[in-house]
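Reviewing the structure listed below.
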Amino acid sequence: QDPKRMRHASGAVSSRLHDSLKPLDKTQVDAVVNFLIRMACMINDTASGSGGSGDQLSRRCVSLLKSMVKPEHWPNPELRLTWFDKALQNSSDQTNANYGNICTGLEILTFLIGVLVKQNILSTMKHLQRGLAVVMLCSNNKVIRYVNQMFITLMNIFHTEPSSSNVASKFEQLEYLYSQIAKSIMEGLTTYEKSSGENQSGIFATVMLLKSTSTENPSYIDRLMQPIMRCLQKMVREHLSQNTAAETAQVTSEVLVIVLDLLKLRIGVMNNEMRRNFFQVILTSLIEKSPDAKVLKTIVKITEEWVKVKGPFTLNQTPTLREKSILLVKMMACVEKRYPDDLELTAQFLELVNHIYRDDSFAGSELTSKLELAFLAGLRCVQPKVRAKFFEVFDHSNRRRIYDRLLYITSSQNWEAMGNHFWIKQCIELLLMVGDLTTPLQCSSTNSYLPSIASVVSQSDSKDRSIFTLATKIKEEPLDDAEEDVDVEIHNSNGFELSKKSRAEPSTPEQKLNNVTSRHGRFIESLKEVKMSSFILGLIQLCHNSTKLANHIWINLFPKMWKVLNERQQNNLATEINPFLCSGSHLYQRESHPSAINTFVEALSHCLPPVSIRPCILKYLGKTHNLWHRSTLMLEQMAVDSGYTVSEKQPGGSDLYEQQPVKLKNQEILDSLSELYSSLREEDMWAGLWQKRCRASETAVAISFEQQGCYVQAQRQYELAMSKARTEHNSAPATPSVIPEYRLWEDHWISCSQELSEWDLLLEYGNSKSYPNPQLVLDCSWRVPNWNAMKESLAQVEVSCPKEMTWKLNLYRGYLSICHPDEHHLNLVERLVEMASSQAIKEWRRLPQIVSHIHIPFLQAAQQIIELQEAAQIHQGLLPSNVGRSTSLHDMKAIVKTWRNRLPNVCDNLSHWSDIYMWRQHHYQAVVSAYENLSSSEISGQQQTNHAMLGVHASAQAIIHYGKVARKHNLTGVCLDSLSRIHTIPSVPIVDCFQKIRQQVKCYLQMSNSMGKTELQEGLEVIESTNLKFFTKEMTSEFYALKGMFLTQIGRSDEANKAFSAAVQMHDTLTKAWALWGEYLEQVFGKDHQVSVGTSAIICFLHACRHQNEAKCRKYLAKVLWLLTFDDENLALAEAVDKYCVGVPPMQWLPWIPQLLTCLARNEGRLILNVLSQVARMYPQAVYFPIRTLYLTLKIEQRERYKCGEASAGGSNVAAG
């Protein structure tokens, strides 16, 4: 309503807006800046920590300051920071100091120093000198870091003075501060050097001050070099100590990093002793032992700077080439070994090595030769980018020819540095890069081609073909640029990459068809741009990622490249391959699966023409690099290719030797082949080879005996062959060609003696002065036992023992540690068991993957090693301090029970059974001796006897069981010798005496089959001379049954019948007696077929089936069913079955149900029906299905007979008509 008033109001508002946009005058700016500083440095709450409301407000104030205090806004505010100096001076009071406020103030001060003019900075710092002098020695590390940043910024503007100057700073306002810094550094170094605690706060502040002063003036530390080096040595010692706290270790590592970084360009001012100490003690100790990877990264970074430096001035401040090589070689040995999983550290070091090999100034220097191991580590690095850089250098250093690179692989490069790495991957990459990578990629076979998009049209009917032809003839309008079809972009390095561009969907089927065909055509055309590089580089990367693929690629690639070479190149390469394969540099590959040498030889075996490899090298490769079967196959092929044939003996020639000896070349092949067969324990192949090539007829006979387990006869033949050879060569020395056969005689004579347990004889032979054999003495002496001889022979064998037998040496050391009477070291056994186990497992891994006979010795060794550990536990319980405890006896009983149940297989060699039982005998006897010598005060007499009987019974059982196994191996002499040793044990239990006599009698019975009735008479005398009153009825009954069996064999039939009758009367449930009597009666029945005898035999067999399992009853029931076929019209035999089958469990008849059903159709069917009924009640389904099958079979037969009858009747009627 009042225009004037309204205009006035509008003007006032405009005036206020204009005033708000006016810049503040200097007084207001100073007030705002000082307020913001004071606010930011006073509202941090120590209790709430970072993230609280006070902290957020403080950060907001700092942000405002940093955004406004600039030359274009508020250039030079006047600061009033006297209050901040007081706050800094109070920072030494740890209880009241607010480190958050101090850090914020130092951050603001650092920012202001960077934006203010020099005069303003000086005037500000003048009032803060004393406070800064206090806070720079604060115990809080966070504060020290802020102080460090502030001093670095300050000293970038106002530099420190050189050591020759009389003042700390040419600016009066900084004189006190700089002098205090120098004083604090010196005092801090001195204090730390003399201190003995782990408080690192003082040295941390000192080192941070050093870093501040040396950032713009590296020579500042020259005046302090000696105290710095002494402190550095102490830091290194504390850093490497294992008992340092985690927080302290972290601070020590950081301090170390800073000091090393400060010293890196001051090498020139160190004296010789200081330099030697710095490189050869400090840095090498850190590289070898530092637990912090950050320290090693710092050393690598510093070394990289030293290596890359080029200027003449800086060269004087860096180490010499020799000092650099010391560090690099040490890093090469430690980086990958100590930090295999730290990819960043590995890549950093390898990048430095790669730079050295690329730098021409280092070409031909000692540095490149010493770093070859590191270069090979780069070639096998798991990081593709790093590996590619190394291979680029590797590729340029070799000529791009297949022959030259194959020659380099086999003759020039030492692969030992690769360790157990599968270096075939590098060989594949080296050979594949020979090709022309710019060649277009093509398929090697048309079978892999995909059908054309139009190929389906030719398979359609005529109507569809006409529609397709019409559609392809339609003229299409060109599409706009925005409607382009899908483009296929192919990049040689990255493979296929599809990029879709937006386009409108075609509206008609014709357009769709045209688009599909045109797109397919462009795709086919674009494939022409794909080069070999895409395939080769991708294949190489896949090989590096997959050892299995690399193995397959090399086996297929190498024979093809071998075929490309000309004859001269193949011959030259073949001469290098032999020493390459047997080089000791490949021993690291023995533990790898697959190993590089394994793959290399596998590829060689596929080459045509074949690569000539010496037989001895193939034998070595087979044993060392797990090429057992491949080497054997190659040797077999070499033997065939060399034309080896068996020569016939000429009439009238020598009785011992053939007239046409095997050629020397063939002999080397056959010797290697036979040794591999022997190592593989392919005994039949070995025997067949030697029977073809042996010169002495006794050798073939002995090998045949040995194959059949007739070791006594084989031993005699070997002795005969040796005596003939000795007679033959009394006048002239033997030719080298017969030496392998001589060695065979000796080795297998020893083997036969071991199987026959002739350990005393072997020990005497091993100790012979003419030909001492410490290994044989070692194997025999612990069995005899002769522990002193074992100790002496073990010392001799240790000198020249092959690596693959070290597990056995540790096993024997354990034997001595337990059993040697004068040197008990039970505390060593656990470690020896662990070593023997790990070594045996390593050797197991070098055997073929498929478990076969070659694995048997290590399976047997596993039992020996575990029993060594258990024997140590037994002897631990037999110590004087433990022998009276019940827990020790309980543990011993558990071990003895375990040993009784853990037996070798019956098919194992008798020498292994001897190993197990001989070893156990020592400890059983130790148990007996320990409890017999125990004083009566510690244990009662009855308990003492009972505990001693534990060892007596176990020892007797071991002897008897060993004799039983020897008897089953048909080594009756060994059996009788073993059983005779039971008399050396006092107070043998009755049950063990019975078992001993039983095995002895069975042994004589077995001997009678081959020797005659003399042994039968001896066995009968053993039974008759036995006093039976000490045995139980069951034992006596079995003795009578055995006596009847012997009488039957001798021909005393009536006495045998009486003995069997007495046996079953004495113990009518003894199934063995019933079975033997039944077999006797069956034998009598077979002579005259008396029904009464047959009835008695059936009764005996049915009684024998009452208390045995089905497997043992099977043969007796078979005999019963066989006897039923001789039944007469009175059915006496069937009635015996019906009457006495009641006690036979129905389950025993289940396998014989079809035969019982067959009996139903005969006369005895009515009586057999009772047996079937009993079985059907218990097992209805088992009876039903055979009956149903029989019923259907009979029904079909009846129907066929009826049809045949009708047909014949119809035919006769027609003929009559």
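Going by the structure tokens order, chains are called A, B, ..., each with residues numbered from 1, while ligands are numbered from 1 in the order shown.
By chain and then residue number, the residues within 8 Å of range 577-582 of chain A are Thr410, Ser411, Leu573, His586, Ile597, Ile613, Arg614, Ile617, Tyr620 and Leu621 of chain A, counting only C-alpha atoms and disregarding those fewer than 4 positions away in sequence.
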Only N, CA and C atoms, please: the residues just picked out, written as a tab-separated table (two decimals), in the first residue's frame.
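Output saved as part.tsv:
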```
chain	number	residue	atom	x	y	z
A	410	THR	N	70.23	-79.88	-23.22
A	410	THR	CA	70.91	-81.11	-22.78
A	410	THR	C	72.37	-80.92	-22.41
A	411	SER	N	73.02	-79.89	-22.93
A	411	SER	CA	74.47	-79.79	-22.70
A	411	SER	C	74.91	-78.51	-22.02
A	573	LEU	N	73.26	-84.87	-30.88
A	573	LEU	CA	72.39	-84.71	-29.72
A	573	LEU	C	72.39	-85.97	-28.86
A	586	HIS	N	70.45	-83.82	-11.48
A	586	HIS	CA	69.03	-84.17	-11.51
A	586	HIS	C	68.58	-84.92	-10.25
A	597	ILE	N	63.09	-85.68	-15.38
A	597	ILE	CA	63.86	-86.73	-16.06
A	597	ILE	C	62.93	-87.88	-16.46
A	613	ILE	N	70.82	-95.21	-25.80
A	613	ILE	CA	71.15	-94.96	-24.39
A	613	ILE	C	71.83	-96.20	-23.84
A	614	ARG	N	72.92	-96.01	-23.14
A	614	ARG	CA	73.66	-97.14	-22.60
A	614	ARG	C	72.82	-97.91	-21.58
A	617	ILE	N	73.06	-96.80	-17.96
A	617	ILE	CA	72.35	-95.55	-17.68
A	617	ILE	C	70.86	-95.81	-17.51
A	620	TYR	N	70.36	-97.19	-14.13
A	620	TYR	CA	70.47	-96.12	-13.13
A	620	TYR	C	69.19	-95.28	-13.11
A	621	LEU	N	68.68	-94.93	-14.29
A	621	LEU	CA	67.47	-94.12	-14.36
A	621	LEU	C	66.27	-94.87	-13.78
```
Counting only C-alpha atoms, the residue of A:Trp554, A:Trp1074, A:Tyr771, A:Phe84 that sits nearest Thr124 in chain A: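 When distances to Thr124 in chain A are compared using only C-alpha atoms, the smallest one comes from A:Phe84.
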Contact residues around Arg405 in chain A with only C-alpha atoms at 12 Å, ignoring same-chain residues under 3 positions, as an NGL selection string: :A and (394-402 or 408-413 or 426-434 or 561 or 569 or 573)
Can you write just those residues out, C-alpha atoms, as a PDB file, in the first residue's frame?
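Result went into result.pdb, see below:
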```
ATOM      1  CA  PHE A 394      66.109 -66.187 -21.917  1.00  0.00           C
ATOM      2  CA  ASP A 395      64.635 -66.344 -25.413  1.00  0.00           C
ATOM      3  CA  HIS A 396      66.907 -63.622 -26.799  1.00  0.00           C
ATOM      4  CA  SER A 397      70.000 -65.362 -25.424  1.00  0.00           C
ATOM      5  CA  ASN A 398      69.401 -68.522 -27.530  1.00  0.00           C
ATOM      6  CA  ARG A 399      69.355 -68.999 -31.296  1.00  0.00           C
ATOM      7  CA  ARG A 400      65.925 -69.650 -32.752  1.00  0.00           C
ATOM      8  CA  ARG A 401      66.689 -73.131 -34.061  1.00  0.00           C
ATOM      9  CA  ILE A 402      65.289 -76.391 -32.719  1.00  0.00           C
ATOM     10  CA  TYR A 408      71.299 -76.013 -25.012  1.00  0.00           C
ATOM     11  CA  ILE A 409      68.776 -77.967 -22.907  1.00  0.00           C
ATOM     12  CA  THR A 410      70.915 -81.108 -22.780  1.00  0.00           C
ATOM     13  CA  SER A 411      74.470 -79.792 -22.702  1.00  0.00           C
ATOM     14  CA  SER A 412      74.659 -76.118 -21.673  1.00  0.00           C
ATOM     15  CA  GLN A 413      72.010 -75.457 -19.040  1.00  0.00           C
ATOM     16  CA  GLN A 426      60.565 -74.056 -19.482  1.00  0.00           C
ATOM     17  CA  CYS A 427      61.844 -76.442 -22.171  1.00  0.00           C
ATOM     18  CA  ILE A 428      58.419 -76.496 -23.833  1.00  0.00           C
ATOM     19  CA  GLU A 429      58.276 -72.706 -23.861  1.00  0.00           C
ATOM     20  CA  LEU A 430      61.822 -72.486 -25.230  1.00  0.00           C
ATOM     21  CA  LEU A 431      61.056 -74.868 -28.110  1.00  0.00           C
ATOM     22  CA  LEU A 432      57.592 -73.570 -28.988  1.00  0.00           C
ATOM     23  CA  MET A 433      58.874 -70.002 -29.323  1.00  0.00           C
ATOM     24  CA  VAL A 434      61.080 -71.136 -32.207  1.00  0.00           C
ATOM     25  CA  MET A 561      61.057 -82.464 -33.117  1.00  0.00           C
ATOM     26  CA  GLN A 569      72.152 -83.479 -35.610  1.00  0.00           C
ATOM     27  CA  LEU A 573      72.394 -84.709 -29.719  1.00  0.00           C
TER      28      LEU A 573
END
```
Residues near Asp908 in chain A, cut-off 10 Å, only C-alpha atoms, skip fewer than 3 positions along chain, as an MDAnalysis selection string: chainID A and resid 856:857 860 904:905 911:913 965 969
Output of the above residues as a PDB file, in the first residue's frame, restricted to all heavy atoms:
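What landed in part_8.pdb:
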```pdb
ATOM      1  N   ILE A 856      56.748-104.999  -1.402  1.00  0.00           N
ATOM      2  CA  ILE A 856      56.651-105.895  -0.248  1.00  0.00           C
ATOM      3  C   ILE A 856      57.736-105.620   0.801  1.00  0.00           C
ATOM      4  O   ILE A 856      57.437-105.585   2.008  1.00  0.00           O
ATOM      5  CB  ILE A 856      56.680-107.369  -0.716  1.00  0.00           C
ATOM      6  CG1 ILE A 856      55.386-107.689  -1.472  1.00  0.00           C
ATOM      7  CG2 ILE A 856      56.869-108.314   0.462  1.00  0.00           C
ATOM      8  CD1 ILE A 856      55.332-109.085  -2.043  1.00  0.00           C
ATOM      9  N   PRO A 857      59.029-105.425   0.427  1.00  0.00           N
ATOM     10  CA  PRO A 857      60.035-105.161   1.475  1.00  0.00           C
ATOM     11  C   PRO A 857      59.714-103.950   2.335  1.00  0.00           C
ATOM     12  O   PRO A 857      60.012-103.950   3.536  1.00  0.00           O
ATOM     13  CB  PRO A 857      61.326-104.947   0.663  1.00  0.00           C
ATOM     14  CG  PRO A 857      61.114-105.689  -0.607  1.00  0.00           C
ATOM     15  CD  PRO A 857      59.659-105.569  -0.903  1.00  0.00           C
ATOM     16  N   GLN A 860      56.953-104.845   4.749  1.00  0.00           N
ATOM     17  CA  GLN A 860      57.555-105.611   5.842  1.00  0.00           C
ATOM     18  C   GLN A 860      58.371-104.710   6.756  1.00  0.00           C
ATOM     19  O   GLN A 860      58.373-104.878   7.985  1.00  0.00           O
ATOM     20  CB  GLN A 860      58.426-106.719   5.254  1.00  0.00           C
ATOM     21  CG  GLN A 860      57.646-107.765   4.471  1.00  0.00           C
ATOM     22  CD  GLN A 860      58.531-108.737   3.716  1.00  0.00           C
ATOM     23  OE1 GLN A 860      59.728-108.496   3.544  1.00  0.00           O
ATOM     24  NE2 GLN A 860      57.968-109.828   3.226  1.00  0.00           N
ATOM     25  N   PRO A 904      52.888-111.856  10.006  1.00  0.00           N
ATOM     26  CA  PRO A 904      53.066-111.727   8.551  1.00  0.00           C
ATOM     27  C   PRO A 904      52.126-112.675   7.815  1.00  0.00           C
ATOM     28  O   PRO A 904      51.496-113.563   8.397  1.00  0.00           O
ATOM     29  CB  PRO A 904      54.540-112.101   8.336  1.00  0.00           C
ATOM     30  CG  PRO A 904      55.189-111.970   9.681  1.00  0.00           C
ATOM     31  CD  PRO A 904      54.125-112.266  10.680  1.00  0.00           C
ATOM     32  N   ASN A 905      52.020-112.479   6.516  1.00  0.00           N
ATOM     33  CA  ASN A 905      51.238-113.398   5.691  1.00  0.00           C
ATOM     34  C   ASN A 905      51.992-114.718   5.531  1.00  0.00           C
ATOM     35  O   ASN A 905      53.223-114.750   5.531  1.00  0.00           O
ATOM     36  CB  ASN A 905      50.974-112.790   4.318  1.00  0.00           C
ATOM     37  CG  ASN A 905      50.089-111.569   4.417  1.00  0.00           C
ATOM     38  OD1 ASN A 905      49.127-111.561   5.179  1.00  0.00           O
ATOM     39  ND2 ASN A 905      50.409-110.534   3.666  1.00  0.00           N
ATOM     40  N   SER A 911      62.358-115.703   5.581  1.00  0.00           N
ATOM     41  CA  SER A 911      63.351-114.793   6.179  1.00  0.00           C
ATOM     42  C   SER A 911      62.662-113.630   6.894  1.00  0.00           C
ATOM     43  O   SER A 911      63.139-113.153   7.923  1.00  0.00           O
ATOM     44  CB  SER A 911      64.303-114.270   5.102  1.00  0.00           C
ATOM     45  OG  SER A 911      63.587-113.618   4.066  1.00  0.00           O
ATOM     46  N   HIS A 912      61.526-113.172   6.357  1.00  0.00           N
ATOM     47  CA  HIS A 912      60.784-112.102   7.046  1.00  0.00           C
ATOM     48  C   HIS A 912      60.158-112.625   8.332  1.00  0.00           C
ATOM     49  O   HIS A 912      60.170-111.941   9.362  1.00  0.00           O
ATOM     50  CB  HIS A 912      59.721-111.536   6.126  1.00  0.00           C
ATOM     51  CG  HIS A 912      58.848-110.508   6.777  1.00  0.00           C
ATOM     52  ND1 HIS A 912      59.365-109.368   7.359  1.00  0.00           N
ATOM     53  CD2 HIS A 912      57.502-110.454   6.969  1.00  0.00           C
ATOM     54  CE1 HIS A 912      58.375-108.641   7.864  1.00  0.00           C
ATOM     55  NE2 HIS A 912      57.237-109.279   7.644  1.00  0.00           N
ATOM     56  N   TRP A 913      59.599-113.843   8.299  1.00  0.00           N
ATOM     57  CA  TRP A 913      59.094-114.448   9.534  1.00  0.00           C
ATOM     58  C   TRP A 913      60.219-114.562  10.563  1.00  0.00           C
ATOM     59  O   TRP A 913      60.008-114.320  11.764  1.00  0.00           O
ATOM     60  CB  TRP A 913      58.525-115.830   9.230  1.00  0.00           C
ATOM     61  CG  TRP A 913      57.169-115.810   8.580  1.00  0.00           C
ATOM     62  CD1 TRP A 913      56.900-115.747   7.254  1.00  0.00           C
ATOM     63  CD2 TRP A 913      55.906-115.854   9.248  1.00  0.00           C
ATOM     64  NE1 TRP A 913      55.545-115.750   7.035  1.00  0.00           N
ATOM     65  CE2 TRP A 913      54.905-115.829   8.245  1.00  0.00           C
ATOM     66  CE3 TRP A 913      55.513-115.928  10.572  1.00  0.00           C
ATOM     67  CZ2 TRP A 913      53.545-115.867   8.539  1.00  0.00           C
ATOM     68  CZ3 TRP A 913      54.153-115.974  10.878  1.00  0.00           C
ATOM     69  CH2 TRP A 913      53.187-115.941   9.871  1.00  0.00           C
ATOM     70  N   VAL A 965      54.893-122.258  10.258  1.00  0.00           N
ATOM     71  CA  VAL A 965      55.010-121.567   8.969  1.00  0.00           C
ATOM     72  C   VAL A 965      56.102-122.207   8.118  1.00  0.00           C
ATOM     73  O   VAL A 965      55.939-122.380   6.900  1.00  0.00           O
ATOM     74  CB  VAL A 965      55.292-120.064   9.191  1.00  0.00           C
ATOM     75  CG1 VAL A 965      55.562-119.360   7.864  1.00  0.00           C
ATOM     76  CG2 VAL A 965      54.123-119.413   9.905  1.00  0.00           C
ATOM     77  N   HIS A 969      55.789-123.904   4.431  1.00  0.00           N
ATOM     78  CA  HIS A 969      56.679-123.558   3.315  1.00  0.00           C
ATOM     79  C   HIS A 969      57.439-124.779   2.813  1.00  0.00           C
ATOM     80  O   HIS A 969      58.319-124.635   1.968  1.00  0.00           O
ATOM     81  CB  HIS A 969      57.671-122.466   3.745  1.00  0.00           C
ATOM     82  CG  HIS A 969      57.081-121.092   3.751  1.00  0.00           C
ATOM     83  ND1 HIS A 969      57.588-120.060   3.003  1.00  0.00           N
ATOM     84  CD2 HIS A 969      56.014-120.574   4.390  1.00  0.00           C
ATOM     85  CE1 HIS A 969      56.878-118.967   3.200  1.00  0.00           C
ATOM     86  NE2 HIS A 969      55.912-119.260   4.045  1.00  0.00           N
TER      87      HIS A 969
END
```
From A:Ala1059, A:Val329, A:Ala1176, A:Val927, residue lying nearest Ala1073 in chain A [only C-alpha atoms]: A:Ala1059
For Leu859 in chain A: contacts at 12 Å, only C-alpha atoms, fewer than 3 positions along chain excluded, given as a ChimeraX atom specification: /A:837,840-841,843-844,851-856,862-866,904-905,908,912
Computed interatomic separation between CA of Val883 in chain A and CA of Met949 in chain A (Å): 14.9 Å
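Proximity ranking of A:Thr1095, A:Glu254, A:Tyr588, A:Glu175 relative to Val207 in chain A places A:Glu254 first, based on only C-alpha atoms.
Counting only C-alpha atoms and comparing A:Tyr220, A:Trp745, A:Trp899, A:Tyr178, the residue that lies closest to Leu720 in chain A is A:Trp745.
Shortest atom-to-atom contact with Gln691 in chain A among A:Glu636, A:Glu741, A:Glu719, A:Leu283: A:Glu741, counting only C-alpha atoms.
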Interatomic distance, CA of Gln775 in chain A to CA of Ser723 in chain A (Å, one decimal):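 So the two atoms, CA of Gln775 in chain A and CA of Ser723 in chain A, lie 24.5 Å apart.
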Residue with smallest distance to Arg237 in chain A - pool A:Arg783, A:Lys289, A:Arg981, A:Arg80, counting only C-alpha atoms: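 Between A:Arg783, A:Lys289, A:Arg981, A:Arg80, the residue approaching Arg237 in chain A most closely is A:Lys289.
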